[in-house]
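Listing of work.txt, compact mmCIF, N, CA, C and O atoms
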# COMPACT_ATOMS: atom_id res chain seq x y z
N MET A 1 -18.12 9.08 -12.29
CA MET A 1 -17.76 8.16 -11.26
C MET A 1 -19.01 7.55 -10.62
O MET A 1 -19.00 6.38 -10.27
N LYS A 2 -20.01 8.37 -10.48
CA LYS A 2 -21.26 7.90 -9.87
C LYS A 2 -21.81 6.70 -10.64
O LYS A 2 -22.19 5.69 -10.05
N TYR A 3 -21.81 6.79 -11.96
CA TYR A 3 -22.35 5.72 -12.78
C TYR A 3 -21.42 4.51 -12.84
O TYR A 3 -21.88 3.38 -12.96
N THR A 4 -20.13 4.74 -12.71
CA THR A 4 -19.18 3.63 -12.67
C THR A 4 -19.39 2.79 -11.42
O THR A 4 -19.40 1.56 -11.47
N PHE A 5 -19.56 3.45 -10.28
CA PHE A 5 -19.84 2.72 -9.04
C PHE A 5 -21.12 1.89 -9.19
O PHE A 5 -21.19 0.75 -8.73
N LYS A 6 -22.11 2.46 -9.84
CA LYS A 6 -23.39 1.76 -10.00
C LYS A 6 -23.24 0.57 -10.93
O LYS A 6 -23.71 -0.53 -10.63
N SER A 7 -22.57 0.76 -12.07
CA SER A 7 -22.49 -0.32 -13.05
C SER A 7 -21.46 -1.39 -12.69
O SER A 7 -21.69 -2.56 -12.91
N VAL A 8 -20.33 -1.01 -12.11
CA VAL A 8 -19.27 -1.97 -11.81
C VAL A 8 -19.48 -2.64 -10.45
O VAL A 8 -19.37 -3.86 -10.33
N ASN A 9 -19.77 -1.84 -9.43
CA ASN A 9 -19.86 -2.38 -8.07
C ASN A 9 -21.30 -2.55 -7.58
O ASN A 9 -21.52 -2.99 -6.47
N ASN A 10 -22.27 -2.12 -8.41
CA ASN A 10 -23.68 -2.15 -8.03
C ASN A 10 -23.91 -1.41 -6.71
O ASN A 10 -24.66 -1.84 -5.86
N LYS A 11 -23.20 -0.29 -6.55
CA LYS A 11 -23.31 0.56 -5.36
C LYS A 11 -23.80 1.94 -5.79
O LYS A 11 -23.40 2.46 -6.82
N THR A 12 -24.65 2.51 -4.96
CA THR A 12 -25.12 3.87 -5.22
C THR A 12 -24.32 4.82 -4.34
O THR A 12 -24.19 4.60 -3.14
N ILE A 13 -23.77 5.85 -4.96
CA ILE A 13 -22.97 6.84 -4.24
C ILE A 13 -23.37 8.22 -4.76
O ILE A 13 -23.56 8.40 -5.96
N SER A 14 -23.52 9.15 -3.87
CA SER A 14 -23.99 10.48 -4.27
C SER A 14 -22.86 11.32 -4.85
O SER A 14 -21.68 11.09 -4.58
N GLN A 15 -23.25 12.30 -5.64
CA GLN A 15 -22.29 13.23 -6.24
C GLN A 15 -21.53 14.00 -5.15
O GLN A 15 -20.34 14.25 -5.27
N ASN A 16 -22.24 14.36 -4.07
CA ASN A 16 -21.60 15.10 -2.97
C ASN A 16 -20.52 14.26 -2.28
O ASN A 16 -19.47 14.77 -1.91
N THR A 17 -20.77 12.97 -2.11
CA THR A 17 -19.78 12.08 -1.50
C THR A 17 -18.54 12.00 -2.38
O THR A 17 -17.41 12.07 -1.90
N ILE A 18 -18.75 11.87 -3.68
CA ILE A 18 -17.62 11.81 -4.61
C ILE A 18 -16.81 13.10 -4.54
O ILE A 18 -15.58 13.07 -4.47
N LYS A 19 -17.48 14.25 -4.52
CA LYS A 19 -16.78 15.54 -4.43
C LYS A 19 -15.98 15.64 -3.15
O LYS A 19 -14.86 16.15 -3.15
N LYS A 20 -16.54 15.17 -2.04
CA LYS A 20 -15.81 15.22 -0.76
C LYS A 20 -14.54 14.38 -0.83
O LYS A 20 -13.48 14.83 -0.40
N TYR A 21 -14.65 13.15 -1.35
CA TYR A 21 -13.48 12.29 -1.43
C TYR A 21 -12.42 12.86 -2.37
O TYR A 21 -11.22 12.81 -2.07
N ILE A 22 -12.83 13.41 -3.49
CA ILE A 22 -11.87 14.04 -4.40
C ILE A 22 -11.19 15.20 -3.70
O ILE A 22 -9.98 15.39 -3.82
N GLY A 23 -11.94 15.98 -2.94
CA GLY A 23 -11.37 17.09 -2.16
C GLY A 23 -10.34 16.59 -1.15
O GLY A 23 -9.28 17.19 -0.98
N TYR A 24 -10.64 15.48 -0.48
CA TYR A 24 -9.68 14.90 0.47
C TYR A 24 -8.40 14.48 -0.24
O TYR A 24 -7.30 14.71 0.26
N PHE A 25 -8.55 13.85 -1.41
CA PHE A 25 -7.37 13.43 -2.17
C PHE A 25 -6.54 14.63 -2.63
O PHE A 25 -5.32 14.59 -2.61
N GLU A 26 -7.22 15.70 -3.04
CA GLU A 26 -6.50 16.91 -3.46
C GLU A 26 -5.78 17.54 -2.27
O GLU A 26 -4.63 17.97 -2.40
N ASP A 27 -6.44 17.58 -1.11
CA ASP A 27 -5.82 18.15 0.09
C ASP A 27 -4.59 17.37 0.52
O ASP A 27 -3.65 17.93 1.07
N SER A 28 -4.59 16.07 0.27
CA SER A 28 -3.45 15.24 0.65
C SER A 28 -2.43 15.11 -0.48
O SER A 28 -1.49 14.34 -0.39
N PHE A 29 -2.64 15.85 -1.58
CA PHE A 29 -1.75 15.89 -2.74
C PHE A 29 -1.66 14.55 -3.47
O PHE A 29 -0.69 14.27 -4.15
N LEU A 30 -2.69 13.70 -3.34
CA LEU A 30 -2.73 12.46 -4.10
C LEU A 30 -3.33 12.70 -5.48
O LEU A 30 -3.03 11.97 -6.43
N LEU A 31 -4.15 13.73 -5.60
CA LEU A 31 -4.74 14.14 -6.88
C LEU A 31 -4.57 15.64 -7.03
O LEU A 31 -4.47 16.36 -6.04
N SER A 32 -4.57 16.09 -8.26
CA SER A 32 -4.63 17.52 -8.50
C SER A 32 -5.62 17.76 -9.63
O SER A 32 -5.81 16.93 -10.50
N SER A 33 -6.27 18.89 -9.59
CA SER A 33 -7.31 19.20 -10.57
C SER A 33 -6.72 19.75 -11.86
O SER A 33 -5.72 20.45 -11.86
N ALA A 34 -7.38 19.42 -12.94
CA ALA A 34 -7.09 20.03 -14.23
C ALA A 34 -8.36 20.75 -14.65
O ALA A 34 -9.45 20.21 -14.54
N TYR A 35 -8.22 21.97 -15.08
CA TYR A 35 -9.38 22.78 -15.43
C TYR A 35 -9.46 22.98 -16.93
O TYR A 35 -8.44 23.16 -17.59
N ARG A 36 -10.68 22.96 -17.46
CA ARG A 36 -10.88 23.18 -18.89
C ARG A 36 -11.24 24.64 -19.10
O ARG A 36 -12.07 25.20 -18.39
N TYR A 37 -10.59 25.25 -20.07
CA TYR A 37 -10.85 26.65 -20.41
C TYR A 37 -11.32 26.74 -21.85
O TYR A 37 -10.82 26.02 -22.72
N ASP A 38 -12.26 27.60 -22.11
CA ASP A 38 -12.74 27.86 -23.46
C ASP A 38 -12.33 29.29 -23.80
O ASP A 38 -12.91 30.25 -23.30
N ILE A 39 -11.28 29.44 -24.60
CA ILE A 39 -10.72 30.74 -24.92
C ILE A 39 -10.88 30.98 -26.41
O ILE A 39 -10.30 30.28 -27.24
N LYS A 40 -11.72 31.96 -26.76
CA LYS A 40 -11.97 32.32 -28.16
C LYS A 40 -12.36 31.09 -28.98
O LYS A 40 -11.83 30.87 -30.07
N GLY A 41 -13.24 30.26 -28.44
CA GLY A 41 -13.73 29.11 -29.18
C GLY A 41 -12.82 27.91 -29.17
O GLY A 41 -13.15 26.87 -29.74
N LYS A 42 -11.67 28.00 -28.53
CA LYS A 42 -10.74 26.87 -28.44
C LYS A 42 -10.73 26.38 -27.00
O LYS A 42 -10.88 27.17 -26.07
N ARG A 43 -10.55 25.10 -26.82
CA ARG A 43 -10.58 24.53 -25.48
C ARG A 43 -9.21 24.02 -25.07
O ARG A 43 -8.52 23.40 -25.86
N TYR A 44 -8.91 24.31 -23.82
CA TYR A 44 -7.61 23.94 -23.27
C TYR A 44 -7.80 23.34 -21.89
O TYR A 44 -8.67 23.76 -21.13
N TYR A 45 -6.97 22.36 -21.57
CA TYR A 45 -6.84 21.89 -20.19
C TYR A 45 -5.52 22.43 -19.69
O TYR A 45 -4.48 22.19 -20.30
N ILE A 46 -5.57 23.15 -18.58
CA ILE A 46 -4.36 23.77 -18.04
C ILE A 46 -4.12 23.25 -16.63
O ILE A 46 -5.02 23.31 -15.79
N GLN A 47 -2.94 22.72 -16.42
CA GLN A 47 -2.52 22.21 -15.11
C GLN A 47 -1.41 23.11 -14.61
O GLN A 47 -0.48 23.43 -15.34
N LEU A 48 -1.49 23.52 -13.35
CA LEU A 48 -0.46 24.37 -12.76
C LEU A 48 0.42 23.55 -11.83
O LEU A 48 -0.08 22.71 -11.08
N ALA A 49 1.73 23.80 -11.88
CA ALA A 49 2.67 23.09 -11.02
C ALA A 49 3.73 24.08 -10.56
O ALA A 49 4.21 24.89 -11.35
N LEU A 50 4.08 24.01 -9.30
CA LEU A 50 5.12 24.88 -8.78
C LEU A 50 6.45 24.57 -9.46
O LEU A 50 7.17 25.46 -9.90
N ALA A 51 6.78 23.29 -9.56
CA ALA A 51 8.04 22.87 -10.18
C ALA A 51 7.88 21.45 -10.71
O ALA A 51 7.01 20.70 -10.27
N LEU A 52 8.72 21.08 -11.65
CA LEU A 52 8.76 19.72 -12.19
C LEU A 52 10.19 19.19 -12.06
O LEU A 52 10.91 19.05 -13.04
N PRO A 53 10.61 18.89 -10.82
CA PRO A 53 12.01 18.55 -10.59
C PRO A 53 12.43 17.17 -11.10
O PRO A 53 13.62 16.95 -11.34
N ASP A 54 11.48 16.26 -11.29
CA ASP A 54 11.86 14.91 -11.72
C ASP A 54 10.73 14.28 -12.52
O ASP A 54 9.63 14.83 -12.64
N ASP A 55 11.00 13.10 -13.08
CA ASP A 55 10.01 12.42 -13.92
C ASP A 55 8.76 12.02 -13.15
O ASP A 55 7.66 12.03 -13.71
N VAL A 56 8.90 11.69 -11.88
CA VAL A 56 7.74 11.30 -11.07
C VAL A 56 6.77 12.47 -10.95
O VAL A 56 5.56 12.32 -11.13
N LYS A 57 7.29 13.66 -10.69
CA LYS A 57 6.45 14.85 -10.57
C LYS A 57 5.83 15.21 -11.92
O LYS A 57 4.66 15.58 -11.99
N LYS A 58 6.59 15.09 -12.99
CA LYS A 58 6.06 15.38 -14.33
C LYS A 58 4.90 14.44 -14.65
O LYS A 58 3.85 14.87 -15.14
N GLU A 59 5.08 13.16 -14.35
CA GLU A 59 4.02 12.18 -14.60
C GLU A 59 2.78 12.48 -13.75
O GLU A 59 1.66 12.40 -14.24
N GLN A 60 2.99 12.84 -12.52
CA GLN A 60 1.89 13.17 -11.62
C GLN A 60 1.07 14.35 -12.15
O GLN A 60 -0.15 14.32 -12.15
N GLU A 61 1.75 15.37 -12.60
CA GLU A 61 1.07 16.57 -13.07
C GLU A 61 0.32 16.36 -14.38
O GLU A 61 -0.71 16.96 -14.61
N GLN A 62 0.81 15.50 -15.25
CA GLN A 62 0.15 15.34 -16.53
C GLN A 62 -0.86 14.20 -16.54
O GLN A 62 -1.67 14.09 -17.46
N LYS A 63 -0.89 13.39 -15.50
CA LYS A 63 -1.80 12.24 -15.48
C LYS A 63 -3.25 12.65 -15.63
O LYS A 63 -3.99 12.07 -16.43
N SER A 64 -3.69 13.66 -14.89
CA SER A 64 -5.09 14.08 -14.99
C SER A 64 -5.40 14.63 -16.38
O SER A 64 -6.52 14.48 -16.87
N LEU A 65 -4.42 15.25 -17.02
CA LEU A 65 -4.63 15.77 -18.38
C LEU A 65 -4.81 14.63 -19.38
O LEU A 65 -5.70 14.67 -20.23
N LEU A 66 -3.99 13.61 -19.26
CA LEU A 66 -4.04 12.50 -20.21
C LEU A 66 -5.27 11.64 -20.02
O LEU A 66 -5.73 11.00 -20.97
N LEU A 67 -5.82 11.62 -18.83
CA LEU A 67 -7.02 10.82 -18.58
C LEU A 67 -8.25 11.38 -19.28
O LEU A 67 -9.26 10.69 -19.41
N THR A 68 -8.20 12.63 -19.72
CA THR A 68 -9.37 13.23 -20.38
C THR A 68 -9.63 12.59 -21.73
O THR A 68 -10.76 12.55 -22.18
N GLN A 69 -8.61 12.10 -22.40
CA GLN A 69 -8.72 11.39 -23.68
C GLN A 69 -9.62 12.12 -24.69
O GLN A 69 -10.56 11.56 -25.21
N ASP A 70 -9.31 13.37 -24.93
CA ASP A 70 -10.02 14.13 -25.94
C ASP A 70 -9.00 14.92 -26.75
O ASP A 70 -7.81 14.79 -26.55
N GLY A 71 -9.46 15.70 -27.67
CA GLY A 71 -8.57 16.44 -28.56
C GLY A 71 -8.21 17.83 -28.09
O GLY A 71 -7.60 18.58 -28.84
N PHE A 72 -8.60 18.20 -26.86
CA PHE A 72 -8.28 19.53 -26.37
C PHE A 72 -6.79 19.66 -26.11
O PHE A 72 -6.12 18.70 -25.76
N LYS A 73 -6.28 20.86 -26.29
CA LYS A 73 -4.87 21.12 -26.03
C LYS A 73 -4.61 21.04 -24.53
O LYS A 73 -5.37 21.58 -23.73
N LYS A 74 -3.54 20.37 -24.16
CA LYS A 74 -3.20 20.16 -22.75
C LYS A 74 -1.90 20.89 -22.44
O LYS A 74 -0.91 20.74 -23.15
N ILE A 75 -1.93 21.69 -21.36
CA ILE A 75 -0.81 22.56 -21.03
C ILE A 75 -0.48 22.44 -19.55
O ILE A 75 -1.39 22.45 -18.72
N ILE A 76 0.80 22.33 -19.24
CA ILE A 76 1.27 22.41 -17.86
C ILE A 76 2.07 23.69 -17.74
O ILE A 76 3.01 23.92 -18.51
N ILE A 77 1.69 24.53 -16.78
CA ILE A 77 2.39 25.79 -16.54
C ILE A 77 3.12 25.65 -15.21
O ILE A 77 2.53 25.27 -14.20
N THR A 78 4.40 25.96 -15.22
CA THR A 78 5.22 25.82 -14.02
C THR A 78 5.94 27.13 -13.70
O THR A 78 6.17 27.94 -14.59
N LYS A 79 6.28 27.29 -12.45
CA LYS A 79 7.02 28.48 -12.03
C LYS A 79 8.45 28.47 -12.58
O LYS A 79 9.08 29.51 -12.71
N ASP A 80 8.95 27.28 -12.91
CA ASP A 80 10.30 27.16 -13.47
C ASP A 80 10.44 27.99 -14.74
O ASP A 80 9.49 28.11 -15.51
N ALA A 81 11.60 28.56 -14.95
CA ALA A 81 11.88 29.32 -16.17
C ALA A 81 12.37 28.35 -17.24
O ALA A 81 13.57 28.14 -17.40
N ILE A 82 11.43 27.74 -17.94
CA ILE A 82 11.79 26.79 -19.00
C ILE A 82 11.21 27.26 -20.32
O ILE A 82 10.16 27.90 -20.36
N ALA A 83 11.90 26.93 -21.38
CA ALA A 83 11.39 27.25 -22.71
C ALA A 83 10.21 26.35 -23.02
O ALA A 83 10.21 25.18 -22.64
N PRO A 84 9.18 26.87 -23.68
CA PRO A 84 8.02 26.03 -24.01
C PRO A 84 8.44 24.84 -24.87
O PRO A 84 9.25 24.97 -25.79
N LEU A 85 7.88 23.67 -24.53
CA LEU A 85 8.18 22.47 -25.30
C LEU A 85 7.02 21.49 -25.18
O LEU A 85 6.27 21.52 -24.21
N TYR A 86 6.88 20.66 -26.19
CA TYR A 86 5.91 19.57 -26.15
C TYR A 86 6.64 18.32 -25.70
O TYR A 86 7.69 17.97 -26.26
N ASN A 87 6.09 17.62 -24.70
CA ASN A 87 6.73 16.39 -24.26
C ASN A 87 6.27 15.24 -25.16
O ASN A 87 5.49 15.43 -26.09
N GLU A 88 6.74 14.03 -24.87
CA GLU A 88 6.45 12.88 -25.72
C GLU A 88 4.97 12.50 -25.73
O GLU A 88 4.52 11.77 -26.61
N ASP A 89 4.19 12.99 -24.79
CA ASP A 89 2.75 12.71 -24.74
C ASP A 89 1.92 13.83 -25.38
O ASP A 89 0.69 13.80 -25.31
N GLY A 90 2.58 14.82 -25.98
CA GLY A 90 1.87 15.90 -26.64
C GLY A 90 1.37 17.00 -25.73
O GLY A 90 0.56 17.81 -26.12
N VAL A 91 1.87 17.03 -24.49
CA VAL A 91 1.48 18.06 -23.54
C VAL A 91 2.47 19.21 -23.64
O VAL A 91 3.69 19.00 -23.61
N LEU A 92 1.95 20.43 -23.79
CA LEU A 92 2.81 21.61 -23.83
C LEU A 92 3.19 21.98 -22.41
O LEU A 92 2.34 22.13 -21.54
N VAL A 93 4.48 22.09 -22.16
CA VAL A 93 5.00 22.49 -20.85
C VAL A 93 5.69 23.83 -21.03
O VAL A 93 6.53 23.99 -21.93
N MET A 94 5.31 24.81 -20.20
CA MET A 94 5.92 26.13 -20.33
C MET A 94 6.02 26.80 -18.97
O MET A 94 5.31 26.44 -18.03
N GLY A 95 6.88 27.78 -18.89
CA GLY A 95 7.05 28.56 -17.68
C GLY A 95 5.95 29.59 -17.54
O GLY A 95 5.32 30.01 -18.51
N LEU A 96 5.73 30.02 -16.32
CA LEU A 96 4.68 30.98 -16.01
C LEU A 96 4.88 32.30 -16.76
O LEU A 96 3.93 32.87 -17.29
N PHE A 97 6.13 32.78 -16.82
CA PHE A 97 6.38 34.07 -17.48
C PHE A 97 6.07 34.01 -18.97
O PHE A 97 5.50 34.94 -19.53
N ASP A 98 6.43 32.90 -19.63
CA ASP A 98 6.07 32.75 -21.05
C ASP A 98 4.56 32.76 -21.22
O ASP A 98 4.04 33.39 -22.15
N PHE A 99 3.87 32.06 -20.36
CA PHE A 99 2.41 31.99 -20.44
C PHE A 99 1.78 33.37 -20.28
O PHE A 99 0.88 33.74 -21.02
N LEU A 100 2.27 34.15 -19.31
CA LEU A 100 1.66 35.45 -19.01
C LEU A 100 2.10 36.56 -19.96
O LEU A 100 1.31 37.45 -20.28
N LEU A 101 3.35 36.52 -20.40
CA LEU A 101 3.89 37.64 -21.16
C LEU A 101 3.87 37.45 -22.68
O LEU A 101 3.98 38.42 -23.42
N ASN A 102 3.74 36.24 -23.15
CA ASN A 102 3.73 35.98 -24.58
C ASN A 102 2.27 35.84 -25.03
O ASN A 102 1.60 34.87 -24.70
N GLU A 103 1.78 36.81 -25.80
CA GLU A 103 0.39 36.82 -26.22
C GLU A 103 0.00 35.57 -27.02
O GLU A 103 -1.14 35.16 -27.02
N SER A 104 0.95 34.98 -27.70
CA SER A 104 0.65 33.81 -28.52
C SER A 104 1.09 32.50 -27.85
O SER A 104 1.24 31.48 -28.52
N SER A 105 1.26 32.52 -26.54
CA SER A 105 1.76 31.33 -25.85
C SER A 105 0.84 30.12 -26.00
O SER A 105 1.33 28.99 -26.03
N LEU A 106 -0.44 30.33 -26.11
CA LEU A 106 -1.36 29.19 -26.28
C LEU A 106 -1.32 28.62 -27.68
O LEU A 106 -1.84 27.55 -27.94
N GLU A 107 -0.72 29.34 -28.60
CA GLU A 107 -0.64 28.89 -30.00
C GLU A 107 0.70 28.25 -30.35
O GLU A 107 0.94 27.91 -31.50
N ILE A 108 1.57 28.13 -29.39
CA ILE A 108 2.89 27.55 -29.65
C ILE A 108 2.76 26.12 -30.09
O ILE A 108 1.97 25.38 -29.62

Written as structure tokens, how would this file's structure read?
Amino acid sequence: MKYTFKSVNNKTISQNTIKKYIGYFEDSFLLSSAYRYDIKGKRYYIQLALALPDDVKKEQEQKSLLLTQDGFKKIIITKDAIAPLYNEDGVLVMGLFDFLLNESSLEI
């Protein structure tokens, strides 16, 4: 983001300022973080969601995953008791219990 501000807007902005604003957006639930995990040489982006009650919430939760535009496996874990499934964007959606109790849940 720092370099985008410089190249597009010709503005200099510090990394700390960017982190603060992202934190504000996360606190106000406008953004949510996606974390990258390296498990046994494989990389995953895992997004956690309390529930996915409608399409708007589903889109919100997977947006940060899709913006990464790489080949890493993308997973949304929710408290809902749902069977693991891949959605139309290739994101694996699964319930928390399947993730925690099924040893091969990341290989589904």

So which residues touch stretch 70-83 of chain A within 9 Å, counting only C-alpha atoms, skipping near sequence neighbours fewer than 6 positions away, as an MDAnalysis selection string?
-> chainID A and resid 36 42:52 61:62 90:99 106

Using all atoms of stretch 89-99 of chain A that appear in the file, construct an axis-aligned enclosing box with 5 Å of padding on every side and provide its centre coordinates and edge lengths in Å, rounded to one decimal, as lines of an AutoDock Vina configuration file.
center_x = 3.8
center_y = 23.8
center_z = -21.3
size_x = 16.5
size_y = 32.2
size_z = 20.6

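One distance worth recording is that between atom N of A:Glu107 and atom CA of A:Asn87, which is 15.6 Å.
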
Do you know which residues are at most 7 Å from stretch 17-31 of chain A counting all atoms listed in the file, after dropping those on the same chain fewer than 3 positions away, and could you put them as a ChimeraX atom specification?
-> /A:13-14,60

Would you mind exporting N, CA, C and O atoms of the selected residues as a PDB file, in the frame of the given file?
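Written file, selection25.pdb:
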ATOM      1  N   ILE A  13     -23.770   5.850  -4.960  1.00  0.00           N
ATOM      2  CA  ILE A  13     -22.970   6.840  -4.240  1.00  0.00           C
ATOM      3  C   ILE A  13     -23.370   8.220  -4.760  1.00  0.00           C
ATOM      4  O   ILE A  13     -23.560   8.400  -5.960  1.00  0.00           O
ATOM      5  N   SER A  14     -23.520   9.150  -3.870  1.00  0.00           N
ATOM      6  CA  SER A  14     -23.990  10.480  -4.270  1.00  0.00           C
ATOM      7  C   SER A  14     -22.860  11.320  -4.850  1.00  0.00           C
ATOM      8  O   SER A  14     -21.680  11.090  -4.580  1.00  0.00           O
ATOM      9  N   GLN A  60       2.990  12.840 -12.520  1.00  0.00           N
ATOM     10  CA  GLN A  60       1.890  13.170 -11.620  1.00  0.00           C
ATOM     11  C   GLN A  60       1.070  14.350 -12.150  1.00  0.00           C
ATOM     12  O   GLN A  60      -0.150  14.320 -12.150  1.00  0.00           O
TER      13      GLN A  60
END

DSSP on the backbone: what in chain A comes out alpha helix (DSSP H), as a ChimeraX atom specification?
-> /A:2-9,15-27,55-66,96-101

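Between atom CA of A:Val8 and atom CA of A:Lys63 lies a distance of 22.8 Å.
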
Take atom O of A:Leu65 and atom C of A:Ser33 and report the distance between them in Å, one decimal.
->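 Atom-to-atom, atom O of A:Leu65 and atom C of A:Ser33 are spaced 9.8 Å apart.
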
Residue contacts of A:Ile108 (8 Å, all atoms listed in the file) excluding same-chain residues fewer than 5 positions away, as a list in words = Pro84, Leu85, Tyr86, Leu92 and Glu103 of chain A

Assign secondary structure with DSSP using the backbone only, and return the residues of stretch 6-106 of chain A in strand (DSSP E or B) as a PyMOL selection string.
-> chain A and resi 35-39+42-49+73-78+85-86+92-95
